Amino acid sequence: MATNAEKAIEIWKGLQGKPEGTGEWLKVEQSRINTFADATLDHQFIHVDPEKAAQLSPYKVTIAHGYLTLSLIPHLNAAIPIADPKGYEGIVMGVNYGLDKVRFPSPVQVNSRGRAHRVLVSAELVNPHTI
């Protein structure tokens with residue numbers, strides 16, 4: 001009999017390449033940037049000092065930390081409805097074990113808005129009891 005992981009993979013393979021949807025907008029405000037700076041101890045002026053950023057930054061405003069942008073993905077992703085809930089039946093949890101080739105090609109300026117758009121690129125079974 002197929003495990004929950006094997007059943008999920010079969011469903012997910014059928015979803016490969018199909019857009020799942022677009023989530024809600026999220027405004028990245030200075031207070032969020034400052035809180036992230038406090039949590040990471042990264043208080044570079046480009047993030048937390050609007051006056052200095054206006055003078056010295058090519059963007060003329062503060063920008064979000066790249067890792068702040070990255071950390072918002074789970075929240076932004078959660079706003080997108082699951083394409084096929086059957087693919088998650090019996091699945092207890094998901095664990096992020098890494099990211100490949102993460103880049104930050106453009107800054108997220110303070111007070112700008114972002115949202116997620118999700119397409120499943122691929123799904124592969126690593127172990128019948130884990131995905």
# chains A, B, ... in the order shown; residues from 1 in each chain; ligands from 1
$ closest_atom_pairs --of "segment 15-113 of chain A" --to "segment 3-6 of chain A" --cutoff "12 Å" --atoms "only C-alpha atoms" --output "tab-separated table"
residue	atom	partner	partner_atom	distance
A:Lys86	CA	A:Asn4	CA	10.1
A:Gly87	CA	A:Asn4	CA	8.6
A:Tyr88	CA	A:Asn4	CA	8.3
A:Glu89	CA	A:Asn4	CA	7.2
A:Gly90	CA	A:Asn4	CA	5.7
A:Ile91	CA	A:Asn4	CA	6.6
A:Val92	CA	A:Asn4	CA	9.7
A:Met93	CA	A:Ala5	CA	11.2
A:Gly94	CA	A:Ala5	CA	11.3
$ write_last_selection --atoms "N, CA and C atoms" --output "compact mmCIF listing (two decimals), in the first residue's frame"
# COMPACT_ATOMS: atom_id res chain seq x y z
N LYS A 86 -6.00 17.22 -1.37
CA LYS A 86 -5.75 15.79 -1.20
C LYS A 86 -4.25 15.48 -1.15
N GLY A 87 -3.45 16.36 -1.76
CA GLY A 87 -2.01 16.17 -1.75
C GLY A 87 -1.39 16.35 -0.37
N TYR A 88 -2.17 16.84 0.58
CA TYR A 88 -1.65 17.07 1.94
C TYR A 88 -2.30 16.17 2.98
N GLU A 89 -3.20 15.28 2.54
CA GLU A 89 -3.84 14.38 3.49
C GLU A 89 -2.79 13.45 4.10
N GLY A 90 -2.77 13.41 5.43
CA GLY A 90 -1.83 12.54 6.13
C GLY A 90 -0.43 13.11 6.26
N ILE A 91 -0.19 14.27 5.69
CA ILE A 91 1.12 14.90 5.80
C ILE A 91 1.15 15.66 7.12
N VAL A 92 2.10 15.34 7.98
CA VAL A 92 2.15 15.92 9.31
C VAL A 92 2.81 17.28 9.32
N MET A 93 3.90 17.44 8.60
CA MET A 93 4.62 18.71 8.61
C MET A 93 5.54 18.79 7.39
N GLY A 94 5.98 20.00 7.13
CA GLY A 94 6.98 20.23 6.10
C GLY A 94 8.19 20.89 6.74
$ residues_around --residues "Leu26 of chain A" --least-positions-apart "3" --cutoff "8 Å" --atoms "only C-alpha atoms" --output "list in words"
Leu76, Arg113, Gly114 and Arg115 of chain A
$ write_last_selection --atoms "N, CA and C atoms" --output "short mmCIF file (atom, residue, chain, number, x, y, z; two decimals), in the first residue's frame"
data_model
loop_
_atom_site.label_atom_id
_atom_site.label_comp_id
_atom_site.auth_asym_id
_atom_site.auth_seq_id
_atom_site.Cartn_x
_atom_site.Cartn_y
_atom_site.Cartn_z
N LEU A 76 3.54 35.00 2.70
CA LEU A 76 2.96 35.33 1.40
C LEU A 76 2.41 34.09 0.71
N ARG A 113 4.86 47.24 -1.92
CA ARG A 113 4.02 46.07 -1.67
C ARG A 113 4.53 44.90 -2.50
N GLY A 114 4.34 43.70 -1.95
CA GLY A 114 4.71 42.50 -2.68
C GLY A 114 3.69 41.41 -2.43
N ARG A 115 3.68 40.42 -3.29
CA ARG A 115 2.82 39.27 -3.12
C ARG A 115 3.46 38.08 -3.82
#
$ select_by_dssp --residues "chain A" --states "strand (DSSP E)" --output "short mmCIF file (atom, residue, chain, number, x, y, z; two decimals) with C-alpha atoms, in the first residue's frame"
data_model
loop_
_atom_site.label_atom_id
_atom_site.label_comp_id
_atom_site.auth_asym_id
_atom_site.auth_seq_id
_atom_site.Cartn_x
_atom_site.Cartn_y
_atom_site.Cartn_z
CA PRO A 19 -0.02 28.10 -11.72
CA GLU A 20 -1.61 27.71 -8.28
CA GLY A 21 -2.54 31.33 -7.84
CA THR A 22 -1.47 34.70 -6.54
CA LEU A 26 1.78 42.89 1.81
CA LYS A 27 3.18 46.37 2.44
CA ARG A 113 4.02 46.07 -1.67
CA GLY A 114 4.71 42.50 -2.68
CA HIS A 117 2.71 33.78 -7.19
CA ARG A 118 3.21 30.02 -6.98
CA VAL A 119 3.93 27.37 -9.61
#
$ closest_residue --among "A:Ile9, A:Val48, A:Met1, A:Val102" --to "Tyr67 of chain A" --atoms "only C-alpha atoms"
A:Val102
$ closest_residue --among "A:Ile80, A:Ile33, A:Leu125, A:Leu56" --to "Asn111 of chain A" --atoms "only C-alpha atoms"
A:Ile33
$ select_by_dssp --residues "segment 29-126 of chain A" --states "alpha helix (DSSP H)" --output "ChimeraX atom specification"
/A:30-40,45-48,50-56,66-71,73-78
